[in-house]
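Source file: start-v9.tsv; contents: TSV, C-alpha atoms.
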chain	number	residue	atom	x	y	z
A	1	MET	CA	-35.79	-35.51	-188.65
A	2	ARG	CA	-32.17	-34.73	-187.92
A	3	ILE	CA	-29.96	-37.65	-186.83
A	4	VAL	CA	-26.41	-37.58	-185.55
A	5	ALA	CA	-24.62	-40.91	-185.20
A	6	GLU	CA	-21.32	-42.66	-185.69
A	7	VAL	CA	-21.08	-44.97	-188.69
A	8	ASN	CA	-17.95	-47.08	-189.08
A	9	GLY	CA	-16.12	-44.81	-186.66
A	10	THR	CA	-17.00	-41.61	-188.50
A	11	PRO	CA	-19.47	-39.04	-187.20
A	12	VAL	CA	-22.38	-38.60	-189.60
A	13	GLN	CA	-25.47	-36.47	-189.60
A	14	GLY	CA	-28.39	-36.14	-191.89
A	15	ASP	CA	-31.99	-35.22	-192.32
A	16	VAL	CA	-34.23	-38.21	-192.91
A	17	GLU	CA	-37.92	-38.84	-193.24
A	18	PRO	CA	-39.19	-40.52	-190.04
A	19	ARG	CA	-40.02	-43.75	-191.90
A	20	THR	CA	-36.68	-44.04	-193.73
A	21	LEU	CA	-35.25	-47.48	-193.09
A	22	LEU	CA	-31.71	-47.81	-191.76
A	23	SER	CA	-30.81	-49.97	-194.77
A	24	ASP	CA	-31.93	-47.20	-197.14
A	25	PHE	CA	-30.08	-44.52	-195.17
A	26	LEU	CA	-26.87	-46.58	-195.25
A	27	ARG	CA	-27.13	-47.53	-198.92
A	28	HIS	CA	-28.61	-44.40	-200.48
A	29	ASP	CA	-27.59	-41.52	-198.23
A	30	LEU	CA	-24.19	-42.77	-197.05
A	31	ARG	CA	-23.42	-44.91	-200.15
A	32	LEU	CA	-22.42	-47.90	-198.01
A	33	THR	CA	-23.65	-50.59	-200.38
A	34	GLY	CA	-22.16	-53.60	-198.59
A	35	THR	CA	-25.41	-53.88	-196.65
A	36	HIS	CA	-27.73	-55.86	-198.91
A	37	VAL	CA	-31.51	-55.89	-198.78
A	38	GLY	CA	-33.05	-59.27	-199.45
A	39	CYS	CA	-36.49	-59.94	-198.04
A	40	GLU	CA	-37.32	-56.49	-196.55
A	41	HIS	CA	-39.05	-58.30	-193.65
A	42	GLY	CA	-36.12	-59.01	-191.30
A	43	VAL	CA	-36.15	-62.71	-192.12
A	44	CYS	CA	-33.15	-63.39	-194.37
A	45	GLY	CA	-30.42	-61.49	-192.48
A	46	ALA	CA	-28.70	-60.09	-195.58
A	47	CYS	CA	-29.11	-56.54	-194.25
A	48	THR	CA	-27.56	-57.22	-190.84
A	49	VAL	CA	-25.38	-54.46	-189.40
A	50	GLN	CA	-24.21	-53.83	-185.84
A	51	VAL	CA	-25.75	-51.10	-183.71
A	52	ASP	CA	-23.83	-50.47	-180.52
A	53	GLY	CA	-22.03	-53.77	-181.16
A	54	GLU	CA	-25.16	-55.90	-181.54
A	55	PRO	CA	-26.45	-57.38	-184.81
A	56	VAL	CA	-29.68	-55.82	-186.09
A	57	ARG	CA	-31.73	-56.14	-189.27
A	58	SER	CA	-31.38	-52.77	-190.94
A	59	CYS	CA	-34.43	-53.38	-193.17
A	60	VAL	CA	-36.77	-53.30	-190.17
A	61	MET	CA	-35.10	-50.50	-188.20
A	62	PHE	CA	-35.73	-46.84	-188.85
A	63	ALA	CA	-32.76	-44.58	-189.48
A	64	VAL	CA	-33.95	-42.22	-186.72
A	65	GLN	CA	-33.36	-45.05	-184.24
A	66	ILE	CA	-29.58	-44.72	-184.65
A	67	ASP	CA	-29.56	-41.12	-183.42
A	68	GLY	CA	-26.79	-40.89	-180.82
A	69	ARG	CA	-25.68	-44.46	-181.47
A	70	SER	CA	-22.83	-46.29	-183.19
A	71	VAL	CA	-23.35	-48.33	-186.37
A	72	ARG	CA	-20.87	-50.69	-187.97
A	73	THR	CA	-21.31	-52.10	-191.47
A	74	VAL	CA	-19.36	-54.76	-193.33
A	75	GLU	CA	-17.21	-52.02	-194.87
A	76	ALA	CA	-15.60	-51.51	-191.44
A	77	LEU	CA	-14.98	-55.19	-190.67
A	78	ALA	CA	-11.60	-55.33	-192.40
A	79	ASP	CA	-8.93	-53.12	-190.88
A	80	GLY	CA	-6.36	-52.99	-193.66
A	81	ASP	CA	-6.21	-56.80	-193.91
A	82	LEU	CA	-9.24	-59.03	-194.08
A	83	HIS	CA	-10.84	-59.82	-190.75
A	84	PRO	CA	-10.16	-63.46	-189.76
A	85	LEU	CA	-13.82	-64.26	-190.40
A	86	GLN	CA	-13.64	-62.82	-193.92
A	87	ARG	CA	-10.41	-64.70	-194.59
A	88	ALA	CA	-11.94	-67.95	-193.31
A	89	PHE	CA	-15.01	-67.50	-195.53
A	90	HIS	CA	-12.68	-67.05	-198.50
A	91	GLU	CA	-10.44	-70.00	-197.66
A	92	ALA	CA	-13.33	-72.39	-196.90
A	93	HIS	CA	-15.26	-71.32	-200.03
A	94	ALA	CA	-18.12	-70.32	-197.72
A	95	LEU	CA	-19.66	-68.02	-200.27
A	96	GLN	CA	-20.87	-68.32	-203.80
A	97	CYS	CA	-22.94	-65.41	-205.05
A	98	GLY	CA	-21.95	-63.36	-201.98
A	99	PHE	CA	-25.31	-61.62	-201.55
A	100	CYS	CA	-25.86	-62.96	-198.03
A	101	THR	CA	-22.22	-62.86	-196.93
A	102	ALA	CA	-22.14	-59.38	-195.39
A	103	GLY	CA	-25.10	-60.25	-193.20
A	104	PHE	CA	-23.48	-63.49	-192.08
A	105	LEU	CA	-20.25	-61.69	-191.23
A	106	MET	CA	-21.96	-58.93	-189.26
A	107	SER	CA	-24.01	-61.50	-187.32
A	108	LEU	CA	-21.12	-63.87	-186.66
A	109	GLU	CA	-18.43	-61.38	-185.63
A	110	PRO	CA	-20.19	-60.47	-182.34
A	111	PHE	CA	-21.10	-64.14	-181.84
A	112	LEU	CA	-17.38	-65.05	-181.94
A	113	ARG	CA	-16.57	-62.29	-179.46
A	114	GLU	CA	-18.99	-63.90	-177.00
A	115	HIS	CA	-18.22	-67.52	-177.98
A	116	PRO	CA	-14.48	-67.78	-178.68
A	117	ASP	CA	-14.54	-71.60	-178.85
A	118	PRO	CA	-17.96	-72.51	-180.28
A	119	SER	CA	-19.14	-76.03	-180.92
A	120	GLU	CA	-20.56	-76.95	-184.31
A	121	GLY	CA	-24.03	-76.90	-182.77
A	122	GLU	CA	-23.54	-73.42	-181.37
A	123	VAL	CA	-22.34	-72.21	-184.77
A	124	ARG	CA	-25.37	-73.72	-186.49
A	125	GLU	CA	-27.65	-72.06	-183.96
A	126	ALA	CA	-25.91	-68.71	-184.52
A	127	LEU	CA	-26.41	-69.13	-188.28
A	128	ALA	CA	-30.14	-69.74	-187.91
A	129	GLY	CA	-31.04	-66.08	-188.47
A	130	ASN	CA	-29.28	-65.82	-191.82
A	131	LEU	CA	-30.35	-67.49	-195.04
A	132	CYS	CA	-28.13	-68.60	-197.91
A	133	ARG	CA	-29.48	-70.12	-201.09
A	134	CYS	CA	-26.13	-71.17	-202.55
A	135	THR	CA	-23.67	-72.78	-200.14
A	136	GLY	CA	-25.50	-75.46	-198.17
A	137	TYR	CA	-24.01	-74.02	-194.93
A	138	GLU	CA	-21.32	-76.71	-194.43
A	139	ALA	CA	-18.53	-74.45	-195.63
A	140	ILE	CA	-19.91	-71.57	-193.56
A	141	VAL	CA	-19.80	-73.69	-190.40
A	142	GLU	CA	-16.22	-74.72	-191.24
A	143	ALA	CA	-15.26	-71.08	-191.82
A	144	VAL	CA	-16.69	-69.92	-188.49
A	145	ILE	CA	-14.87	-72.64	-186.57
A	146	ALA	CA	-11.61	-71.81	-188.41
A	147	ALA	CA	-12.04	-68.09	-187.70
A	148	ALA	CA	-12.68	-68.86	-184.02
A	149	ARG	CA	-9.40	-70.80	-183.89
A	150	GLU	CA	-7.52	-67.91	-185.47
A	151	LEU	CA	-9.13	-65.31	-183.22
A	152	ARG	CA	-8.19	-67.31	-180.12
Represent the structure contained in this file as structure tokens.
Amino acid sequence: MRIVAEVNGTPVQGDVEPRTLLSDFLRHDLRLTGTHVGCEHGVCGACTVQVDGEPVRSCVMFAVQIDGRSVRTVEALADGDLHPLQRAFHEAHALQCGFCTAGFLMSLEPFLREHPDPSEGEVREALAGNLCRCTGYEAIVEAVIAAARELR
């Protein structure tokens, strides 16, 4: 099937098998490898990207579903300088192996747009859809609250 979409602000088109996953299209066809595939069941959140500004699990979405839509991956989060959320993750040591980080960032960036002054509880609830095996989440919560301050 032929798809035409916008990915990270650039028009793209391609022919894909109907059952090609969005994560595979991004990684293999477009060579955007910042989107990681962890569980392949939509549970861990590592593959999270934004479709029309909303976080989605790219491992459970078909590439054909982005036809006519806009996709944003972690590669587009920084605009020259690091995004405040990326900088806060770095400064708070909110990452270790980094495998899950792109998914966290792509989930949390729209959350901060809608919740510019989140409480710790709201941040923890927003994190619930992303799994990290390394950090223990405390530093991630600190990073999100710091990024929210900077973005305000």
Ala94 (chain A) environment, 6 Å, only C-alpha atoms, sequence neighbours closer than 5 positions dropped, as an NGL selection string: :A and (89 or 139-140)
Separation of CA of Asn130 (chain A) from CA of Asp29 (chain A), in Å and rounded to one decimal: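 Value for the CA of Asn130 (chain A)-CA of Asp29 (chain A) distance: 25.2 Å.
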Shell of 8 Å around Arg57 (chain A), only C-alpha atoms, local chain residues under 5 positions omitted, as a VMD selection string: chain A and resid 42 45 47 to 49
File dump, residues just selected, C-alpha atoms, as an mmCIF file, in the coordinates of the input:
data_model
loop_
_atom_site.group_PDB
_atom_site.id
_atom_site.type_symbol
_atom_site.label_atom_id
_atom_site.label_comp_id
_atom_site.auth_asym_id
_atom_site.auth_seq_id
_atom_site.Cartn_x
_atom_site.Cartn_y
_atom_site.Cartn_z
ATOM 1 C CA GLY A 42 -36.120 -59.010 -191.300
ATOM 2 C CA GLY A 45 -30.420 -61.490 -192.480
ATOM 3 C CA CYS A 47 -29.110 -56.540 -194.250
ATOM 4 C CA THR A 48 -27.560 -57.220 -190.840
ATOM 5 C CA VAL A 49 -25.380 -54.460 -189.400
#
Shortest interatomic distance to Ala92 (chain A) - which of A:Ile3, A:Val37, A:Arg152, A:Val144, counting all atoms listed in the file: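 When distances to Ala92 (chain A) are compared using all atoms listed in the file, the smallest one comes from A:Val144.
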Tell me, as a PDB file with C-alpha atoms, keeping the file's coordinate frame, which residues lie within 9 Å of Leu151 (chain A), counting all atoms listed in the file; anything in the same chain fewer than 5 positions away does not count.
ATOM      1  CA  PRO A  84     -10.160 -63.460-189.760  1.00  0.00           C
ATOM      2  CA  LEU A  85     -13.820 -64.260-190.400  1.00  0.00           C
ATOM      3  CA  LEU A 112     -17.380 -65.050-181.940  1.00  0.00           C
ATOM      4  CA  ARG A 113     -16.570 -62.290-179.460  1.00  0.00           C
ATOM      5  CA  PRO A 116     -14.480 -67.780-178.680  1.00  0.00           C
ATOM      6  CA  ALA A 146     -11.610 -71.810-188.410  1.00  0.00           C
TER       7      ALA A 146
END
Shortest interatomic distance to Thr10 (chain A) - which of A:Ser107, A:Thr101, A:Ser70, A:Gln96, counting all atoms listed in the file: A:Ser70
Among listed residues A:Leu131, A:Val64, A:Val51, A:Val71, nearest Leu95 (chain A) (using only C-alpha atoms):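 The shortest atom-to-atom distance to Leu95 (chain A) comes from A:Leu131.
The gap separating CA of Ser119 (chain A) from CA of Val74 (chain A) is 24.6 Å, in Å to one decimal.
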Radius query 7 Å about (-31.2, -36.6, -186.7), atoms used: only C-alpha atoms, as a list in words: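 In the file's frame, the residues around the point are Met1, Arg2, Ile3, Val4, Gln13, Gly14, Asp15, Val64 and Asp67 of chain A.
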Selection: 6 Å around Leu22 (chain A), all atoms listed in the file, excl. self and same-chain fewer than 3 positions, as an MDAnalysis selection string: chainID A and resid 25 58 61:63
For CA of Ala46 (chain A) and CA of Val7 (chain A), the interatomic separation in Å (one decimal):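 Taking CA of Ala46 (chain A) and CA of Val7 (chain A), their separation equals 18.3 Å.
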Selected residue, from A:Gln65, A:Gln86, A:His115, A:Gln50, that lies nearest to Glu17 (chain A) when counting all atoms listed in the file: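 Closest candidate: A:Gln65.
With distances restricted to all atoms listed in the file, A:Cys134 is the closest residue to Cys100 (chain A) from A:Cys134, A:Val12, A:Ala5, A:Val60.
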Work out where the centre of an axis-aligned box around every listed atom of region 120-138 of chain A lies and how long its edges are once 8 Å is added on each side; give both in Å to one decimal as lines of an AutoDock Vina configuration file.
center_x = -25.8
center_y = -71.4
center_z = -192.0
size_x = 26.5
size_y = 27.1
size_z = 37.2
Within 8 Å of Pro118 (chain A) using all atoms listed in the file, minus same-chain residues under 4 positions, as a PyMOL selection string: chain A and resi 112+122-123+145+148
Residue among A:Val16, A:Ala76, A:Ala126, A:Cys59 lying closest to Leu32 (chain A), counting only C-alpha atoms: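 The closest residue to Leu32 (chain A) is A:Ala76.
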